[in-house]
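*Asks:* Supplied in C-alpha cells, the structure appears directly below.
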Amino acid sequence: MWVWWLLAVADGPNAFAAISAFSASILGRILLFGWTLCFFYHLANGVRHLWWDTGNGLDLPSVYRSGWTVVAFTAVATLLAWILGYMVRGA
Amino acid sequence: MSRPDTRSEISRVRGLGSAKAGVQHWWAQRLTAVALVPLSIWWIAGMIAHTGAARVDAAAWIARPVNATLTILTLAMVFHHAQLGLQVVIEDYVHNEAAKITLLIAVKLLALILAVAGALAVLRLMLGGAA
C-alpha cells in the first residue's frame with residue numbers, strides 16, 4: 001500500500017484520486033488502523049529485542065515489565081497517530 | 001558391512017547445517033532494524049502530516065532532496081528487513097523443500113520489485129518535476 005501510494009503520487013491525479021478514495025473509505029481506514037497498530041507493536045517489540053541482544057533485561061520481572069511497556073506504547077502511539085491524523089485532516 | 005567414510009572432517013561438515021551465512025543474516029537484520037527506528041518514525045510522521053493532502057503537496061514534499069533521499073533509504077531498509085524476516089519464517093516453518101525454495105525466491109523478488117518501483121517513483125518526482 002505504501003508503494004502503491006508512492007506510485008500514485010508520481011503517476012498523476014487519477015491514480016492519486018483512486019488511492020485517496022480507498023484510504024478514506026471504511027475498509028481503507030480499518031486496514032490503515034490495523035497497519036498502524038502492527039507497525040508500532042513491531043517497532044516497540046523490535047527495540048525490546050535489540051535491548052535483549054545486548055544481554056540486558058532477560059530476567060523474568062524485566063521481561064514482564066518490558067512486555068507490558070510494549071503493549072502500552074503500542075496503544076498510546078497508535079491513538080496519538082490517529083488523533084494527529086484526524087487533526088491534520090480536519091475531521 | 002558399511003563402507004568406510006574416507007572423507008575428511010571438513011568435507012563431511014560442508015553442506016550440512018545452516019546456509020553458511022547465518023552471522024551476516026543476523027547482523028543485517030539488526031542493522032536494518034536500527035536504521036529503521038528513526039527512518040520509519042520519520043516516514044510515519046511525514047504521512048500523518050499529509051493526511052488528506054492534495055497530490056501536488058505530497059509530490060512537492062517527496063521531491064525535496066532530503067525527503068527523497070530518506071524515502072529511498074527507508075524503502076531499501078524496509079524491504080531488505082522484510083525479506084530477511086520472512087526468510088527466517090519460511091526456513092523455520094515450511095518443510096516441503098520445493099515450496100520452501102519457491103517461497104524464498106518469490107519473497108526476494110517481490111521485495112526487490114517493490115523497492116525498485118518505489119525508488120523509481122521517488123526519482124521521477126524528484127527529477128521529472130512531475131508535480
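If you're wondering about the labels, chains in the C-alpha cells are A, B, ... by order shown, residues count from 1 in each chain, ligands from 1 in order shown.
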Considering only C-alpha atoms, return as a count of residues only whatever protein or nucleic-acid residues lie within 10 Å of segment 11-13 of chain A, sequence-local ones (same chain, fewer than 5 positions apart) excluded.
*Replies:* 12
*Asks:* Restrict the distance test to only C-alpha atoms, flag each residue of chain B within 9 Å of chain A, and return the flagged residues as a ChimeraX atom specification.
*Replies:* /B:30,33-34,36-37,40,44-45,47-56,58-59,62,75,114-115,117-122,124-125,130-131
*Asks:* Got time to write the residues from that selection, N, CA and C atoms, as a compact mmCIF listing (two decimals), in the first residue's frame?
*Replies:*
# COMPACT_ATOMS: atom_id res chain seq x y z
N ARG B 30 19.66 -6.93 12.23
CA ARG B 30 19.74 -5.94 13.31
C ARG B 30 20.12 -4.56 12.80
N ALA B 33 17.21 -3.02 11.29
CA ALA B 33 16.26 -2.68 12.36
C ALA B 33 16.64 -1.37 13.01
N VAL B 34 17.92 -1.22 13.33
CA VAL B 34 18.38 0.02 13.98
C VAL B 34 18.15 1.21 13.05
N LEU B 36 15.93 1.48 10.80
CA LEU B 36 14.51 1.73 10.59
C LEU B 36 13.82 2.39 11.78
N VAL B 37 14.45 2.36 12.95
CA VAL B 37 13.80 3.03 14.09
C VAL B 37 13.58 4.51 13.77
N SER B 40 11.59 4.89 9.94
CA SER B 40 10.16 4.58 9.85
C SER B 40 9.34 5.61 10.64
N ILE B 44 6.40 7.86 8.98
CA ILE B 44 5.03 7.88 9.51
C ILE B 44 4.63 9.31 9.84
N ALA B 45 5.56 10.07 10.44
CA ALA B 45 5.26 11.46 10.77
C ALA B 45 4.96 12.25 9.51
N MET B 47 3.75 11.06 6.74
CA MET B 47 2.44 10.62 6.24
C MET B 47 1.32 11.28 7.03
N ILE B 48 1.47 11.30 8.36
CA ILE B 48 0.44 11.92 9.21
C ILE B 48 0.28 13.39 8.83
N ALA B 49 1.43 14.06 8.61
CA ALA B 49 1.39 15.48 8.27
C ALA B 49 0.69 15.72 6.93
N HIS B 50 0.61 14.68 6.09
CA HIS B 50 -0.02 14.84 4.78
C HIS B 50 -1.35 14.11 4.68
N THR B 51 -1.96 13.83 5.84
CA THR B 51 -3.28 13.19 5.82
C THR B 51 -4.26 14.06 5.04
N GLY B 52 -4.85 13.50 4.00
CA GLY B 52 -5.82 14.23 3.21
C GLY B 52 -5.22 15.34 2.34
N ALA B 53 -3.89 15.35 2.20
CA ALA B 53 -3.25 16.41 1.43
C ALA B 53 -3.52 16.25 -0.07
N ALA B 54 -3.41 17.37 -0.79
CA ALA B 54 -3.54 17.32 -2.24
C ALA B 54 -2.30 16.65 -2.82
N ARG B 55 -2.48 16.05 -4.01
CA ARG B 55 -1.37 15.32 -4.61
C ARG B 55 -0.15 16.22 -4.83
N VAL B 56 -0.38 17.45 -5.28
CA VAL B 56 0.76 18.32 -5.57
C VAL B 56 1.58 18.62 -4.31
N ALA B 58 1.82 16.59 -1.61
CA ALA B 58 2.55 15.37 -1.28
C ALA B 58 3.74 15.20 -2.22
N ALA B 59 3.51 15.46 -3.51
CA ALA B 59 4.57 15.30 -4.50
C ALA B 59 5.72 16.27 -4.22
N ILE B 62 7.81 14.97 -1.24
CA ILE B 62 8.72 13.87 -1.59
C ILE B 62 9.87 14.36 -2.45
N LEU B 75 12.86 2.85 1.90
CA LEU B 75 12.42 1.76 1.02
C LEU B 75 13.43 0.62 1.04
N LEU B 114 9.25 -4.25 -5.33
CA LEU B 114 8.59 -3.15 -4.61
C LEU B 114 9.57 -2.04 -4.28
N ALA B 115 10.78 -2.41 -3.86
CA ALA B 115 11.77 -1.39 -3.52
C ALA B 115 12.16 -0.58 -4.75
N ALA B 117 10.42 -0.23 -7.61
CA ALA B 117 9.27 0.55 -8.08
C ALA B 117 9.09 1.81 -7.24
N GLY B 118 9.21 1.66 -5.92
CA GLY B 118 9.07 2.81 -5.04
C GLY B 118 10.16 3.84 -5.27
N ALA B 119 11.40 3.36 -5.39
CA ALA B 119 12.52 4.27 -5.59
C ALA B 119 12.38 5.01 -6.92
N LEU B 120 11.91 4.31 -7.96
CA LEU B 120 11.74 4.97 -9.26
C LEU B 120 10.66 6.04 -9.20
N ALA B 121 9.60 5.78 -8.43
CA ALA B 121 8.55 6.79 -8.28
C ALA B 121 9.12 8.04 -7.61
N VAL B 122 9.95 7.81 -6.58
CA VAL B 122 10.57 8.95 -5.89
C VAL B 122 11.48 9.73 -6.85
N ARG B 124 11.31 9.86 -10.09
CA ARG B 124 10.51 10.56 -11.08
C ARG B 124 10.02 11.90 -10.52
N LEU B 125 9.56 11.85 -9.25
CA LEU B 125 9.06 13.09 -8.63
C LEU B 125 10.18 14.10 -8.44
N ALA B 130 7.39 16.16 -11.81
CA ALA B 130 6.08 15.64 -12.16
C ALA B 130 4.95 16.35 -11.42
N ALA B 131 5.28 17.06 -10.35
CA ALA B 131 4.23 17.76 -9.61
C ALA B 131 3.61 18.82 -10.50
*Asks:* Which residue out of B:Asp57, B:His81, B:Thr6, B:Ala68 has the minimum interatomic distance to Leu112 of chain B when only C-alpha atoms are used?
*Replies:*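 Counting only C-alpha atoms, the residue closest to Leu112 of chain B is B:His81.
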*Asks:* Please indicate the distance in Å from atom CA of Tyr41 of chain A to atom CA of Val70 of chain A, rounded to one decimal place.
*Replies:*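 Separation of atom CA of Tyr41 of chain A and atom CA of Val70 of chain A: 6.7 Å.
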